[in-house]
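Working notes, structure below.
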Amino acid sequence: MRYCSKCVMPDTRPGISFNENGVCSACQSYARRKEINWELRYTELEKICAKYRRVNGKHKYDCAIAVSGGKDSHFQVYTFKEKLGMNPLLVTVEDNFTMTEAGKHNLRNISEAFGCNIISLKPNLRAHKALTRTCFEKWGKPTWFIDRLIYVYPILMGLKFRIPLVIYGENVNHEYGGKSREETPSAMDQILNGVASDIPFEELLGPNVSEQDLAMCLYPDEELKKTPLEPVYLSYYTRWSSYKNYVFAKKLGFMDLTHEWQREHTFECFDQVDSLGYLVHPWLKYPKFGHASATDYASKFIRYNIITREQAIQLVKKYDHRLDQRAVKDFCNFSGYSMREFYSIVEKFYNNDLFVKNINGEYVLKHPIWVK
């Protein structure tokens, strides 16, 4: 494994690239921010909003905003409702895992704080359980169904209610490194960013999953050709920062996990705070690619100039390999696995090019960042 010379991201992250100085594409993108005229970008956003504001009539929605209730959602809704004077419809997908108290509070708070309606999709529970098992066992992607809906459902609601503008947060490939890392304001192709890429539906069908159960996972390419709809990334128009959004959201009533849950897999308390079992998904990057949530946030914190690379390395060493047991228990209760079954499935996803078993039977990295 080769690690970025600026942050702690390894070259095993899918789609990431390094320049001749060993700096990853995410750090390069962040460094280029100082060359951007952000005032001009924001003026572009104001023009887009002016184009669509009240286009459907005085009492109709001007935009749809994909939200979870989290820190970024609070920032997005504040920007469009209070700063730009838009009338947004908030669109969310709630998974069927156990919600945290913070997650319940935050979704209510985002509606109350800004006076917005929320349309929430609670997916078919039977299909969700079946697809969780299939996607976990075949591809190590247990939340593919939920992630796919998160990307597609806001577009479907935009079409249904004839809302011309759909807002997403950040372009994850550009901000953090990935295959589709070109900077663009358009979120039209974000379904291709690797998080919830196409899986042939015939591989997902079964006794508890029909084509109808997957209908909202189908990206409406043909309908989008006929109906004007513009999906955009807010991160293109503002200096996007997960931590800055968190600090801002707290002032608006956002609740983190400080007093509820000290998670084992990460050092931060404010990202992906909505539910328990979902967190198995981001951890599964570890056996496959040798890095997980601690690497992600340590790298961000280096770019934000909050910690040094040396401090980040110690955080990665302490947290990255850990799988939170409360998250595992909730995931297993939901999916119907015993702990033994769960770990036997996880084991097959360990990449033998990256890992070796030590004398205690634990998988450890062959080339960890803290060993020169």
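Residues are named by chain letter and number: chains run A, B, ... in the order of the structure tokens, numbers start at 1 in each chain, and ligands are numbered from 1 in the order shown.
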Which residues come within 7 Å of Val280 (chain A), counting only C-alpha atoms, excluding same-chain residues fewer than 3 positions away, as a list in words?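 My reading of the contact set: Gly277, Trp283, Leu284, Ala327 and Val328 of chain A.
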Store the residues of this selection in a file with C-alpha atoms, as an mmCIF file, in the first residue's frame.
data_model
loop_
_atom_site.group_PDB
_atom_site.id
_atom_site.type_symbol
_atom_site.label_atom_id
_atom_site.label_comp_id
_atom_site.auth_asym_id
_atom_site.auth_seq_id
_atom_site.Cartn_x
_atom_site.Cartn_y
_atom_site.Cartn_z
ATOM 1 C CA GLY A 277 -26.726 -1.193 11.691
ATOM 2 C CA TRP A 283 -16.477 -0.350 7.881
ATOM 3 C CA LEU A 284 -16.478 -3.020 5.162
ATOM 4 C CA ALA A 327 -23.645 -1.639 15.056
ATOM 5 C CA VAL A 328 -22.926 -5.324 14.388
#
Pick out the residues sitting within 10 Å of Lys104 (chain A), and hand them over as a list in words; count only C-alpha atoms, and ignore anything fewer than 6 positions along from it in its own chain. Gly69, Met255, Val273, Asp274 and Ser275 of chain A
Let's see if you can do this: from backbone DSSP, list all helix (DSSP H, G or I) residues in region 70-309 of chain A, as a PyMOL selection string. chain A and resi 71-83+101-114+125-139+144-160+172-176+190-192+201-203+212-217+221-226+234-236+242-250+277-283+285-289+293-303+309
Pull the closest atom pair for each residue of region 153-245 of chain A that gets at most 12 Å from region 300-306 of chain A, along with the distance in Å to one decimal, counting only C-alpha atoms, ordering rows by chain and then ascending residue number, as CSV.
residue,atom,partner,partner_atom,distance
A:Glu175,CA,A:Lys300,CA,9.5
A:Tyr176,CA,A:Lys300,CA,8.3
A:Gly177,CA,A:Lys300,CA,11.5
A:Arg239,CA,A:Tyr304,CA,11.1
A:Trp240,CA,A:Tyr304,CA,10.4
A:Ser241,CA,A:Tyr304,CA,7.7
A:Ser242,CA,A:Lys300,CA,8.2
A:Tyr243,CA,A:Phe301,CA,8.1
A:Lys244,CA,A:Tyr304,CA,9.1
Restricting the calculation to only C-alpha atoms, which member of A:Asn245, A:Thr134, A:Asp320, A:Lys250 is positioned closest to Ile199 (chain A)?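 That would be A:Thr134, the residue with the smallest distance to Ile199 (chain A).
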May I ask which of the residues A:Gly115, A:Gly158, A:Gly70, A:Pro14 is the closest one to Thr227 (chain A), counting only C-alpha atoms? A:Gly158
